[in-house]
file start.cif (mmCIF, C-alpha atoms)
data_final
#
loop_
_atom_site.label_atom_id
_atom_site.label_comp_id
_atom_site.auth_asym_id
_atom_site.auth_seq_id
_atom_site.Cartn_x
_atom_site.Cartn_y
_atom_site.Cartn_z
CA MET A 1 -96.13 -127.00 13.46
CA LEU A 2 -94.58 -124.49 11.14
CA PRO A 3 -96.78 -121.90 9.49
CA ALA A 4 -97.54 -121.84 5.81
CA VAL A 5 -94.60 -120.36 3.88
CA LYS A 6 -93.99 -119.15 0.43
CA SER A 7 -91.99 -121.58 -1.65
CA THR A 8 -88.80 -120.32 -3.25
CA ALA A 9 -86.02 -122.10 -5.05
CA ASN A 10 -83.42 -120.63 -2.73
CA SER A 11 -84.98 -121.70 0.56
CA PRO A 12 -85.69 -125.44 0.56
CA LEU A 13 -86.76 -127.10 3.76
CA SER A 14 -85.14 -130.27 4.95
CA PRO A 15 -87.28 -133.36 4.34
CA GLU A 16 -85.91 -134.86 7.54
CA THR A 17 -87.61 -132.19 9.66
CA THR A 18 -90.71 -131.30 7.69
CA GLU A 19 -92.93 -132.72 5.03
CA PRO A 20 -95.82 -131.27 2.99
CA ARG A 21 -99.30 -132.07 4.20
CA ASP A 22 -102.44 -132.57 2.16
CA LEU A 23 -100.53 -132.56 -1.14
CA GLU A 24 -100.15 -135.53 -3.44
CA SER A 25 -96.80 -137.33 -3.26
CA CYS A 26 -95.66 -134.78 -0.65
CA LYS A 27 -94.96 -132.15 -3.27
CA GLU A 28 -95.51 -128.43 -3.29
CA SER A 29 -99.00 -127.17 -4.04
CA GLU A 30 -98.47 -124.98 -7.07
CA ARG A 31 -100.75 -122.18 -8.13
CA THR A 32 -100.80 -121.93 -11.89
CA SER A 33 -102.61 -118.61 -11.90
CA ASN A 34 -100.98 -115.40 -13.08
CA SER A 35 -103.20 -113.48 -10.68
CA HIS A 36 -102.46 -112.34 -7.13
CA ASP A 37 -102.69 -115.90 -5.83
CA THR A 38 -99.77 -116.99 -3.68
CA ASN A 39 -97.85 -120.24 -3.43
CA VAL A 40 -99.02 -121.74 -0.17
CA ILE A 41 -97.46 -124.83 1.31
CA ASP A 42 -98.82 -126.51 4.37
CA TRP A 43 -95.97 -128.10 6.30
CA ALA A 44 -96.37 -130.62 9.10
CA PRO A 45 -93.83 -132.36 11.30
CA THR A 46 -92.59 -135.74 10.14
CA ASN A 47 -95.11 -138.57 10.69
CA ASP A 48 -97.72 -135.99 11.72
CA PHE A 49 -100.24 -137.74 9.53
CA ALA A 50 -98.62 -141.16 9.38
CA ARG A 51 -101.55 -142.81 11.14
CA GLU A 52 -104.05 -141.22 8.76
CA GLY A 53 -106.75 -141.15 11.38
CA GLY A 54 -106.22 -144.42 13.21
CA LEU A 55 -108.62 -145.52 15.93
CA SER A 56 -108.73 -142.03 17.44
CA GLY A 57 -109.46 -140.43 14.08
CA TRP A 58 -112.26 -142.82 13.13
CA THR A 59 -113.75 -142.52 16.61
CA CYS A 60 -113.86 -138.77 16.01
CA VAL A 61 -115.60 -139.44 12.68
CA LEU A 62 -118.25 -141.46 14.53
CA GLY A 63 -118.86 -138.70 17.04
CA SER A 64 -118.97 -136.09 14.28
CA PHE A 65 -121.48 -138.26 12.40
CA PHE A 66 -123.78 -138.08 15.42
CA ALA A 67 -123.19 -134.31 15.64
CA LEU A 68 -124.38 -133.84 12.06
CA PHE A 69 -127.28 -136.24 12.66
CA CYS A 70 -128.70 -134.07 15.43
CA THR A 71 -127.97 -130.66 13.85
CA PHE A 72 -128.09 -130.52 10.05
CA GLY A 73 -130.03 -133.78 10.06
CA TRP A 74 -132.79 -132.12 12.05
CA LEU A 75 -132.58 -129.06 9.81
CA ASN A 76 -132.93 -131.29 6.73
CA SER A 77 -136.54 -131.82 7.82
CA LEU A 78 -137.20 -128.18 6.93
CA GLY A 79 -139.51 -129.21 4.08
CA LEU A 80 -141.75 -130.96 6.61
CA PHE A 81 -141.81 -127.91 8.90
CA GLN A 82 -142.38 -125.52 5.97
CA THR A 83 -145.39 -127.49 4.77
CA TYR A 84 -146.81 -127.94 8.28
CA TYR A 85 -146.45 -124.25 9.16
CA GLU A 86 -148.07 -123.20 5.85
CA GLN A 87 -151.09 -125.38 6.56
CA THR A 88 -151.56 -124.97 10.32
CA LEU A 89 -149.60 -122.82 12.78
CA LEU A 90 -148.56 -120.05 10.40
CA LYS A 91 -151.07 -120.34 7.57
CA GLU A 92 -151.68 -116.58 7.57
CA TYR A 93 -148.06 -116.01 6.52
CA SER A 94 -146.60 -116.38 3.02
CA ALA A 95 -144.17 -119.15 2.09
CA SER A 96 -141.40 -116.57 1.75
CA THR A 97 -142.01 -115.18 5.24
CA ILE A 98 -142.06 -118.65 6.81
CA SER A 99 -138.83 -119.58 5.02
CA TRP A 100 -136.99 -116.85 6.96
CA ILE A 101 -137.11 -119.20 9.96
CA PHE A 102 -135.02 -121.78 8.12
CA THR A 103 -132.72 -119.37 6.30
CA THR A 104 -131.86 -117.74 9.62
CA GLN A 105 -131.19 -121.21 10.99
CA LEU A 106 -128.94 -122.01 8.02
CA PHE A 107 -127.20 -118.64 8.22
CA LEU A 108 -126.33 -119.04 11.90
CA MET A 109 -125.29 -122.67 11.52
CA TRP A 110 -122.84 -121.77 8.76
CA THR A 111 -121.57 -118.40 9.98
CA GLY A 112 -121.22 -119.69 13.53
CA GLY A 113 -118.03 -121.28 12.25
CA VAL A 114 -116.46 -117.82 12.23
CA PHE A 115 -116.64 -117.77 16.03
CA PHE A 116 -116.47 -121.45 16.94
CA GLY A 117 -113.73 -122.35 14.45
CA ARG A 118 -111.08 -120.26 16.17
CA ILE A 119 -112.09 -121.63 19.56
CA VAL A 120 -111.66 -125.20 18.29
CA ASP A 121 -108.24 -124.30 16.86
CA THR A 122 -107.17 -122.93 20.26
CA TYR A 123 -109.01 -124.76 23.05
CA GLY A 124 -110.37 -127.94 21.43
CA THR A 125 -113.95 -129.16 21.25
CA ARG A 126 -115.19 -130.13 24.71
CA CYS A 127 -115.87 -126.55 25.82
CA ILE A 128 -118.23 -126.19 22.83
CA THR A 129 -119.92 -129.55 22.30
CA ILE A 130 -121.47 -129.87 25.76
CA PRO A 131 -123.17 -126.43 26.02
CA CYS A 132 -124.23 -126.55 22.36
CA THR A 133 -125.84 -129.98 22.77
CA ILE A 134 -127.78 -128.62 25.73
CA GLY A 135 -128.73 -125.56 23.66
CA CYS A 136 -130.06 -127.68 20.77
CA THR A 137 -132.14 -129.85 23.10
CA VAL A 138 -133.58 -126.92 25.06
CA SER A 139 -134.43 -125.05 21.84
CA ILE A 140 -136.43 -127.98 20.47
CA VAL A 141 -138.26 -128.51 23.77
CA THR A 142 -139.14 -124.82 23.83
CA LEU A 143 -140.41 -125.04 20.24
CA SER A 144 -143.11 -127.46 21.40
CA PHE A 145 -144.68 -124.62 23.44
CA CYS A 146 -144.55 -122.01 20.65
CA SER A 147 -147.49 -120.88 18.55
CA ALA A 148 -146.64 -117.36 17.31
CA TYR A 149 -144.33 -116.60 14.39
CA TYR A 150 -141.82 -114.58 16.43
CA GLN A 151 -141.58 -117.37 19.02
CA ILE A 152 -140.85 -120.01 16.42
CA PHE A 153 -138.38 -117.69 14.69
CA LEU A 154 -136.42 -117.01 17.89
CA VAL A 155 -136.40 -120.62 19.10
CA GLN A 156 -136.05 -122.67 15.92
CA GLY A 157 -134.27 -120.10 13.79
CA VAL A 158 -131.96 -118.34 16.25
CA GLY A 159 -131.65 -120.61 19.30
CA PHE A 160 -131.21 -123.91 17.50
CA GLY A 161 -129.14 -122.27 14.74
CA ILE A 162 -126.50 -120.90 17.11
CA SER A 163 -126.29 -124.10 19.16
CA ALA A 164 -126.06 -126.33 16.10
CA ALA A 165 -123.29 -124.14 14.68
CA GLY A 166 -121.01 -125.09 17.56
CA LEU A 167 -121.48 -128.83 17.08
CA PHE A 168 -121.06 -128.50 13.32
CA SER A 169 -117.79 -126.56 13.65
CA CYS A 170 -116.40 -129.05 16.16
CA ALA A 171 -117.29 -131.96 13.87
CA THR A 172 -115.79 -130.66 10.63
CA THR A 173 -112.68 -129.05 12.12
CA SER A 174 -111.67 -131.96 14.37
CA VAL A 175 -112.11 -134.55 11.59
CA GLY A 176 -110.15 -132.33 9.21
CA GLN A 177 -107.24 -132.43 11.66
CA TRP A 178 -107.12 -136.23 11.76
CA PHE A 179 -107.03 -136.98 8.02
CA ASN A 180 -104.93 -136.08 5.02
CA LYS A 181 -105.23 -138.34 1.98
CA ARG A 182 -108.71 -139.54 2.99
CA LYS A 183 -109.94 -136.17 4.21
CA ALA A 184 -112.82 -135.94 1.70
CA LEU A 185 -113.98 -139.48 2.53
CA ALA A 186 -113.87 -138.81 6.27
CA LEU A 187 -115.79 -135.55 5.94
CA GLY A 188 -118.21 -137.22 3.53
CA ILE A 189 -119.04 -139.89 6.10
CA VAL A 190 -119.52 -137.18 8.72
CA LEU A 191 -121.83 -135.19 6.46
CA ALA A 192 -123.78 -138.35 5.65
CA GLY A 193 -124.98 -138.10 9.24
CA SER A 194 -127.06 -135.10 8.27
CA SER A 195 -128.64 -137.04 5.40
CA LEU A 196 -129.50 -140.01 7.60
CA GLY A 197 -130.85 -137.55 10.15
CA GLY A 198 -133.02 -135.99 7.47
CA VAL A 199 -134.51 -139.41 6.71
CA VAL A 200 -135.05 -140.43 10.33
CA HIS A 201 -136.27 -137.09 11.69
CA SER A 202 -138.66 -136.50 8.78
CA PHE A 203 -140.13 -139.99 9.04
CA TYR A 204 -140.83 -140.15 12.77
CA LEU A 205 -141.89 -136.48 13.04
CA HIS A 206 -144.46 -136.92 10.28
CA THR A 207 -145.76 -140.11 11.91
CA LEU A 208 -145.88 -138.68 15.43
CA ILE A 209 -147.52 -135.40 14.39
CA LYS A 210 -150.47 -137.38 13.05
CA LYS A 211 -150.68 -139.63 16.12
CA VAL A 212 -149.86 -137.41 19.10
CA GLY A 213 -149.81 -133.89 17.69
CA PHE A 214 -147.08 -131.38 16.91
CA PRO A 215 -146.01 -130.46 20.49
CA SER A 216 -145.52 -134.05 21.64
CA ALA A 217 -143.79 -135.02 18.39
CA VAL A 218 -141.31 -132.17 18.82
CA ARG A 219 -140.59 -133.22 22.41
CA TRP A 220 -139.76 -136.74 21.23
CA SER A 221 -137.51 -135.10 18.68
CA ALA A 222 -135.71 -133.25 21.48
CA LEU A 223 -135.01 -136.59 23.16
CA VAL A 224 -133.47 -138.01 19.98
CA VAL A 225 -131.36 -134.89 19.45
CA GLY A 226 -130.23 -134.88 23.08
CA LEU A 227 -129.14 -138.53 23.03
CA THR A 228 -127.25 -138.30 19.73
CA GLY A 229 -125.71 -135.01 20.82
CA THR A 230 -124.45 -136.71 23.97
CA LEU A 231 -122.76 -139.39 21.86
CA ALA A 232 -121.14 -136.62 19.83
CA CYS A 233 -119.78 -135.04 23.02
CA CYS A 234 -118.26 -138.37 24.05
CA PHE A 235 -116.47 -139.17 20.79
CA ILE A 236 -115.46 -135.85 19.17
CA HIS A 237 -111.90 -134.83 20.02
CA PRO A 238 -109.26 -132.79 18.15
CA ARG A 239 -105.83 -134.06 17.14
CA LEU A 240 -103.93 -130.85 17.84
CA PRO A 241 -103.10 -129.82 21.42
CA ARG A 242 -104.52 -126.75 23.10
CA LYS A 243 -102.60 -123.52 22.71
CA LYS A 244 -102.61 -119.97 23.98
CA TRP A 245 -105.24 -117.57 22.66
CA GLU A 246 -103.68 -115.16 20.19
CA SER A 247 -105.71 -111.98 20.56
CA HIS A 248 -104.16 -110.34 17.50
CA ILE A 249 -105.61 -112.98 15.16
CA CYS A 250 -109.03 -112.15 13.70
CA PHE A 251 -111.91 -114.61 13.68
CA ILE A 252 -112.14 -114.17 9.90
CA ASP A 253 -108.91 -114.59 7.97
CA PHE A 254 -109.29 -111.84 5.37
CA SER A 255 -105.85 -112.65 3.97
CA LEU A 256 -107.40 -115.75 2.40
CA PHE A 257 -109.23 -113.52 -0.05
CA LYS A 258 -105.86 -112.41 -1.43
CA GLN A 259 -105.59 -115.90 -2.90
CA ALA A 260 -107.30 -115.88 -6.28
CA THR A 261 -108.25 -119.54 -5.95
CA PHE A 262 -109.98 -119.06 -2.61
CA SER A 263 -111.80 -115.89 -3.69
CA VAL A 264 -113.11 -117.32 -6.94
CA TYR A 265 -114.07 -120.56 -5.20
CA CYS A 266 -116.04 -118.58 -2.61
CA ILE A 267 -117.93 -116.71 -5.35
CA GLY A 268 -118.80 -120.00 -7.02
CA THR A 269 -119.93 -121.60 -3.77
CA PHE A 270 -122.07 -118.55 -2.91
CA LEU A 271 -123.96 -118.83 -6.20
CA VAL A 272 -124.42 -122.60 -5.93
CA ILE A 273 -125.73 -122.34 -2.37
CA TRP A 274 -128.11 -119.60 -3.51
CA GLY A 275 -130.01 -122.23 -5.46
CA LEU A 276 -129.03 -125.50 -3.82
CA PHE A 277 -131.58 -125.74 -1.00
CA ALA A 278 -134.71 -124.99 -3.08
CA PRO A 279 -135.89 -128.62 -3.40
CA TRP A 280 -135.16 -129.32 0.27
CA ASN A 281 -137.68 -126.65 1.25
CA TYR A 282 -140.19 -126.38 -1.59
CA LEU A 283 -140.38 -129.84 -3.19
CA PRO A 284 -143.16 -131.03 -0.81
CA SER A 285 -145.23 -127.92 -1.58
CA MET A 286 -144.65 -128.38 -5.31
CA SER A 287 -145.72 -132.02 -4.97
CA LEU A 288 -148.96 -131.01 -3.23
CA SER A 289 -149.75 -128.65 -6.08
CA HIS A 290 -149.47 -131.60 -8.48
CA GLY A 291 -151.96 -133.75 -6.60
CA PHE A 292 -149.80 -135.50 -4.02
CA THR A 293 -151.37 -136.42 -0.73
CA GLN A 294 -149.84 -134.99 2.45
CA ASP A 295 -148.15 -138.32 3.24
CA LEU A 296 -146.62 -138.71 -0.22
CA ALA A 297 -145.42 -135.10 -0.29
CA ILE A 298 -143.40 -135.57 2.90
CA TYR A 299 -141.81 -138.70 1.46
CA THR A 300 -140.16 -136.56 -1.22
CA ILE A 301 -137.93 -135.20 1.56
CA VAL A 302 -137.29 -138.68 2.96
CA ILE A 303 -136.23 -139.97 -0.46
CA LEU A 304 -134.15 -136.85 -1.12
CA ASN A 305 -132.24 -137.38 2.11
CA ALA A 306 -131.83 -141.09 1.39
CA GLY A 307 -130.26 -140.31 -1.99
CA SER A 308 -128.06 -137.77 -0.28
CA ILE A 309 -126.54 -140.44 2.00
CA ILE A 310 -124.92 -142.15 -0.99
CA GLY A 311 -124.07 -138.76 -2.49
CA ARG A 312 -122.15 -137.71 0.60
CA ILE A 313 -119.91 -140.81 0.73
CA LEU A 314 -119.23 -142.19 -2.77
CA PRO A 315 -118.21 -138.92 -4.50
CA ALA A 316 -116.09 -138.01 -1.46
CA TYR A 317 -114.21 -141.30 -1.81
CA LEU A 318 -113.65 -140.64 -5.52
CA ALA A 319 -112.59 -137.05 -4.78
CA ASP A 320 -109.64 -138.27 -2.74
CA ARG A 321 -108.54 -140.45 -5.67
CA PHE A 322 -109.17 -138.20 -8.66
CA GLY A 323 -108.99 -134.70 -7.20
CA ARG A 324 -111.32 -132.68 -4.99
CA PHE A 325 -111.63 -129.69 -7.28
CA ASN A 326 -112.35 -132.00 -10.22
CA SER A 327 -115.12 -133.60 -8.20
CA VAL A 328 -116.73 -130.40 -6.93
CA SER A 329 -116.75 -128.97 -10.47
CA LEU A 330 -118.43 -132.08 -11.84
CA VAL A 331 -121.08 -132.47 -9.14
CA SER A 332 -122.04 -128.78 -9.27
CA PHE A 333 -122.63 -129.15 -13.01
CA VAL A 334 -124.72 -132.29 -12.43
CA THR A 335 -126.74 -130.39 -9.81
CA ALA A 336 -127.46 -127.56 -12.27
CA THR A 337 -128.47 -130.12 -14.88
CA ALA A 338 -130.90 -131.70 -12.41
CA PHE A 339 -132.66 -128.35 -12.01
CA ILE A 340 -132.91 -127.43 -15.69
CA ALA A 341 -133.29 -130.83 -17.34
CA PHE A 342 -135.23 -132.75 -14.68
CA TRP A 343 -137.13 -130.57 -12.19
CA LEU A 344 -138.21 -127.85 -14.63
CA PRO A 345 -139.85 -130.27 -17.13
CA LEU A 346 -141.73 -131.90 -14.24
CA GLU A 347 -143.14 -128.54 -13.16
CA LEU A 348 -144.10 -127.63 -16.74
CA LYS A 349 -145.74 -131.01 -17.25
CA ALA A 350 -149.48 -130.97 -16.55
CA ASN A 351 -149.61 -134.24 -14.63
CA PRO A 352 -146.20 -135.58 -13.59
CA THR A 353 -146.41 -139.03 -12.07
CA ASN A 354 -145.48 -139.81 -8.49
CA THR A 355 -142.64 -141.99 -9.76
CA GLN A 356 -141.13 -139.13 -11.76
CA ILE A 357 -141.13 -136.74 -8.81
CA PHE A 358 -139.71 -139.39 -6.49
CA ALA A 359 -137.02 -140.13 -9.09
CA PHE A 360 -136.06 -136.46 -9.13
CA SER A 361 -135.91 -136.47 -5.31
CA ALA A 362 -133.46 -139.37 -5.33
CA CYS A 363 -131.28 -137.98 -8.14
CA TYR A 364 -131.17 -134.48 -6.71
CA GLY A 365 -130.45 -135.81 -3.24
CA PHE A 366 -127.42 -137.63 -4.63
CA ALA A 367 -126.14 -134.62 -6.61
CA SER A 368 -126.66 -131.99 -3.91
CA GLY A 369 -125.29 -134.30 -1.23
CA ALA A 370 -122.18 -134.84 -3.32
CA PHE A 371 -121.60 -131.10 -3.61
CA ILE A 372 -121.99 -130.51 0.12
CA SER A 373 -119.59 -133.36 0.97
CA VAL A 374 -116.83 -132.21 -1.39
CA MET A 375 -116.99 -128.42 -1.04
CA MET A 376 -115.50 -128.36 2.49
CA PRO A 377 -112.43 -130.55 1.69
CA CYS A 378 -111.62 -128.21 -1.20
CA ALA A 379 -111.49 -125.28 1.22
CA ALA A 380 -109.48 -127.39 3.69
CA GLU A 381 -106.59 -127.91 1.29
CA LEU A 382 -106.06 -124.19 0.68
CA GLY A 383 -104.05 -123.56 3.85
CA PRO A 384 -102.39 -124.99 6.97
CA VAL A 385 -104.07 -127.48 9.28
CA GLY A 386 -103.25 -125.36 12.34
CA LYS A 387 -105.69 -122.71 11.08
CA LEU A 388 -108.27 -125.12 9.68
CA GLY A 389 -111.03 -123.92 12.02
CA GLN A 390 -110.40 -120.29 11.14
CA ARG A 391 -110.32 -121.10 7.40
CA PHE A 392 -113.51 -123.15 7.63
CA GLY A 393 -115.12 -120.29 9.56
CA THR A 394 -114.16 -117.77 6.87
CA TYR A 395 -115.48 -120.03 4.13
CA GLN A 396 -118.66 -120.84 6.05
CA ALA A 397 -119.39 -117.12 6.45
CA VAL A 398 -119.70 -116.90 2.67
CA ILE A 399 -122.04 -119.90 2.65
CA GLY A 400 -124.05 -118.40 5.50
CA PHE A 401 -124.81 -115.16 3.69
CA ALA A 402 -125.90 -117.11 0.63
CA SER A 403 -128.16 -119.30 2.78
CA LEU A 404 -129.70 -116.27 4.50
CA THR A 405 -131.26 -114.87 1.32
CA SER A 406 -131.78 -117.93 -0.88
CA LEU A 407 -135.07 -119.39 0.37
CA PRO A 408 -136.90 -116.05 0.86
CA ILE A 409 -136.00 -114.97 -2.69
CA GLN A 410 -137.20 -118.31 -4.04
CA GLY A 411 -140.40 -118.16 -1.99
CA ALA A 412 -141.10 -114.61 -3.17
CA LEU A 413 -141.08 -115.86 -6.77
CA ILE A 414 -144.00 -118.24 -6.15
CA PRO A 415 -146.77 -115.56 -6.02
CA HIS A 416 -145.37 -113.96 -9.20
CA ASP A 417 -145.82 -117.33 -10.90
CA ASP A 418 -149.46 -117.58 -9.77
CA GLY A 419 -148.55 -120.15 -7.15
CA GLY A 420 -146.35 -122.14 -9.51
CA PHE A 421 -142.69 -123.06 -9.14
CA THR A 422 -141.33 -122.39 -12.63
CA TYR A 423 -139.66 -119.07 -11.78
CA LEU A 424 -138.22 -120.57 -8.60
CA ILE A 425 -136.69 -123.50 -10.49
CA ILE A 426 -135.24 -121.31 -13.26
CA PHE A 427 -133.71 -118.88 -10.76
CA SER A 428 -132.20 -121.67 -8.67
CA GLY A 429 -130.90 -123.59 -11.68
CA LEU A 430 -129.23 -120.51 -13.19
CA CYS A 431 -127.60 -119.69 -9.85
CA VAL A 432 -126.11 -123.17 -9.60
CA LEU A 433 -125.00 -123.06 -13.24
CA CYS A 434 -123.27 -119.69 -12.83
CA GLY A 435 -121.65 -120.92 -9.65
CA THR A 436 -120.35 -123.96 -11.54
CA VAL A 437 -118.53 -121.67 -13.96
CA PHE A 438 -116.70 -119.91 -11.12
CA ILE A 439 -115.84 -123.21 -9.44
CA CYS A 440 -114.35 -124.49 -12.70
CA VAL A 441 -112.25 -121.31 -12.92
CA ALA A 442 -111.07 -121.90 -9.34
CA ARG A 443 -110.14 -125.44 -10.34
CA MET A 444 -108.01 -124.10 -13.20
CA LEU A 445 -106.33 -121.60 -10.87
CA ARG A 446 -105.59 -124.42 -8.47
CA VAL A 447 -104.14 -127.10 -10.76
CA GLY A 448 -104.11 -125.69 -14.29
CA TRP A 449 -104.41 -128.30 -17.02
CA ASN A 450 -103.41 -131.19 -14.79
CA LEU A 451 -105.91 -134.02 -14.97
CA LYS A 452 -105.92 -134.53 -11.23
CA GLY A 453 -106.83 -131.58 -9.06
#

call {"tool": "encode", "arguments": {"input": "start.cif", "output": "structure tokens"}}
result
Amino acid sequence: MLPAVKSTANSPLSPETTEPRDLESCKESERTSNSHDTNVIDWAPTNDFAREGGLSGWTCVLGSFFALFCTFGWLNSLGLFQTYYEQTLLKEYSASTISWIFTTQLFLMWTGGVFFGRIVDTYGTRCITIPCTIGCTVSIVTLSFCSAYYQIFLVQGVGFGISAAGLFSCATTSVGQWFNKRKALALGIVLAGSSLGGVVHSFYLHTLIKKVGFPSAVRWSALVVGLTGTLACCFIHPRLPRKKWESHICFIDFSLFKQATFSVYCIGTFLVIWGLFAPWNYLPSMSLSHGFTQDLAIYTIVILNAGSIIGRILPAYLADRFGRFNSVSLVSFVTATAFIAFWLPLELKANPTNTQIFAFSACYGFASGAFISVMMPCAAELGPVGKLGQRFGTYQAVIGFASLTSLPIQGALIPHDDGGFTYLIIFSGLCVLCGTVFICVARMLRVGWNLKG
């Protein structure tokens, strides 16, 4: 595979030997910006993507689906854990302090791509998936014996976070190698695994905690994660062959930030992520404050994840048809609207009905799921497939730092609002709205006034 090159009128490449990849109608990807952005073309050998996945590619999608089910799917139950810790194991700690467990988990799962992405690019996936599946399972089993804050933080936050990062990087990078025109759809199906995991894990954990207690419920959870992780190990495989380790190449590709489109897109994503996960963590607590029972409060997370399943797949399919940057701009705006026009009025209302809060859960699950499914394909198309893992790792580092601080800041706003959630919702909504502006600018830098982009 040839590296990305700068397009010039005097140096055309022969269509018999190379063809553009990941660009509509096999044409050059033009940057319409007058900034320091560069013309980047991703070239691939002829017929490199002719199969567009094929049996091997869709088998990889299946394995990656299971990988997301047992990593981010388990993490998507964070609202259940937050509420349980606040009421039992860690009730002497504030909501903000407890949330550091999950933000650390998110931070490591995203930024782990910096390290694991380059390994996938070079050596493939098998050397990562097997030890990381074992790490996830052992971390959850160990959690069942924890009772102190520092123990839970180290096991659930650090141990599981690092292990899950490896599986996540293998899943997204390997699937990105197999698909071109349907890349967003393939990644959307993979990411839907985390939404289904959020539904399944939240449901059985809540049921088992009441019947057999927290330790036993967590051990059953370890069994589910171990089995699905094993399936991921069996089916995930990269398309590109192994290659020699290039020691001069950094884990983070800082040259990407010389592209105006990539830099502005990263700023926009950072701001959106700063607010995006608020309902996933705090909606059950907000529901309890409005008179929900414990059972009903947990179902807000189940419904949110269920809505997210559709949000991960349908918008991703449309993104491949009408433009990925168009889609990510639209869904980020819809997400901001859900905060300001839907969640905020419910919090300000004296007695919101159960139906109204459940309706918000479903709508927000769809919108936030759509953003998560489309944001990665947008980053994928900004460079060559041979460095996809490194590019994903660089992009995920930005997401990781946003995730690290988002939930603690939001949780710290609750005491200032006398236990309410108004300040939290306003802060999160404004972050997503500001991020939408930057993403729209990145879209203009990418495709200009073209309708499809």

call {"tool": "atom_distance", "arguments": {"input": "start.cif", "atom1": "atom CA of Ile309 of chain A", "atom2": "atom CA of Ala192 of chain A"}}
result
5.0 Å

call {"tool": "atom_distance", "arguments": {"input": "start.cif", "atom1": "atom CA of Leu143 of chain A", "atom2": "atom CA of Gln156 of chain A"}}
result
6.6 Å

call {"tool": "closest_atom_pairs", "arguments": {"input": "start.cif", "of": "segment 192-275 of chain A", "to": "segment 348-369 of chain A", "cutoff": "12 Å", "atoms": "only C-alpha atoms", "output": "tab-separated table"}}
result
residue	atom	partner	partner_atom	distance
A:Ala192	CA	A:Gly369	CA	8.1
A:Gly193	CA	A:Gly369	CA	11.1
A:Ser194	CA	A:Gly369	CA	9.7
A:Ser195	CA	A:Gly369	CA	7.9
A:Leu196	CA	A:Gly369	CA	11.3
A:Gly198	CA	A:Gly365	CA	11.0
A:Val199	CA	A:Gly365	CA	11.3
A:Val272	CA	A:Ser368	CA	9.9
A:Ile273	CA	A:Ser368	CA	9.8
A:Gly275	CA	A:Ser368	CA	10.4

call {"tool": "write_last_selection", "arguments": {"input": "start.cif", "atoms": "C-alpha atoms", "output": "PDB file, keeping the file's coordinate frame"}}
result
ATOM      1  CA  ALA A 192    -123.780-138.350   5.650  1.00  0.00           C
ATOM      2  CA  GLY A 193    -124.980-138.100   9.240  1.00  0.00           C
ATOM      3  CA  SER A 194    -127.060-135.100   8.270  1.00  0.00           C
ATOM      4  CA  SER A 195    -128.640-137.040   5.400  1.00  0.00           C
ATOM      5  CA  LEU A 196    -129.500-140.010   7.600  1.00  0.00           C
ATOM      6  CA  GLY A 198    -133.020-135.990   7.470  1.00  0.00           C
ATOM      7  CA  VAL A 199    -134.510-139.410   6.710  1.00  0.00           C
ATOM      8  CA  VAL A 272    -124.420-122.600  -5.930  1.00  0.00           C
ATOM      9  CA  ILE A 273    -125.730-122.340  -2.370  1.00  0.00           C
ATOM     10  CA  GLY A 275    -130.010-122.230  -5.460  1.00  0.00           C
TER      11      GLY A 275
END

call {"tool": "axis_aligned_box", "arguments": {"input": "start.cif", "around": "segment 229-246 of chain A", "padding_each_side": "5 Å", "output": "AutoDock Vina command-line options"}}
result
--center_x -114.2 --center_y -127.3 --center_z 20.6 --size_x 33.1 --size_y 34.2 --size_z 16.9

call {"tool": "resolve_selection", "arguments": {"input": "start.cif", "expression": "the PyMOL selection byres ((chain A and resi 114) around 10)", "output": "list in words"}}
result
Leu108, Trp110, Thr111, Gly112, Gly113, Phe115, Phe116, Gly117, Arg118, Ile119, Ala165, Ser169, Cys250, Phe251, Ile252, Asp253, Gly389, Gln390, Arg391, Phe392, Gly393, Thr394, Tyr395, Gln396 and Ala397 of chain A

call {"tool": "write_last_selection", "arguments": {"input": "start.cif", "atoms": "C-alpha atoms", "output": "mmCIF file, keeping the file's coordinate frame"}}
result
data_model
loop_
_atom_site.group_PDB
_atom_site.id
_atom_site.type_symbol
_atom_site.label_atom_id
_atom_site.label_comp_id
_atom_site.auth_asym_id
_atom_site.auth_seq_id
_atom_site.Cartn_x
_atom_site.Cartn_y
_atom_site.Cartn_z
ATOM 1 C CA LEU A 108 -126.330 -119.040 11.900
ATOM 2 C CA TRP A 110 -122.840 -121.770 8.760
ATOM 3 C CA THR A 111 -121.570 -118.400 9.980
ATOM 4 C CA GLY A 112 -121.220 -119.690 13.530
ATOM 5 C CA GLY A 113 -118.030 -121.280 12.250
ATOM 6 C CA PHE A 115 -116.640 -117.770 16.030
ATOM 7 C CA PHE A 116 -116.470 -121.450 16.940
ATOM 8 C CA GLY A 117 -113.730 -122.350 14.450
ATOM 9 C CA ARG A 118 -111.080 -120.260 16.170
ATOM 10 C CA ILE A 119 -112.090 -121.630 19.560
ATOM 11 C CA ALA A 165 -123.290 -124.140 14.680
ATOM 12 C CA SER A 169 -117.790 -126.560 13.650
ATOM 13 C CA CYS A 250 -109.030 -112.150 13.700
ATOM 14 C CA PHE A 251 -111.910 -114.610 13.680
ATOM 15 C CA ILE A 252 -112.140 -114.170 9.900
ATOM 16 C CA ASP A 253 -108.910 -114.590 7.970
ATOM 17 C CA GLY A 389 -111.030 -123.920 12.020
ATOM 18 C CA GLN A 390 -110.400 -120.290 11.140
ATOM 19 C CA ARG A 391 -110.320 -121.100 7.400
ATOM 20 C CA PHE A 392 -113.510 -123.150 7.630
ATOM 21 C CA GLY A 393 -115.120 -120.290 9.560
ATOM 22 C CA THR A 394 -114.160 -117.770 6.870
ATOM 23 C CA TYR A 395 -115.480 -120.030 4.130
ATOM 24 C CA GLN A 396 -118.660 -120.840 6.050
ATOM 25 C CA ALA A 397 -119.390 -117.120 6.450
#
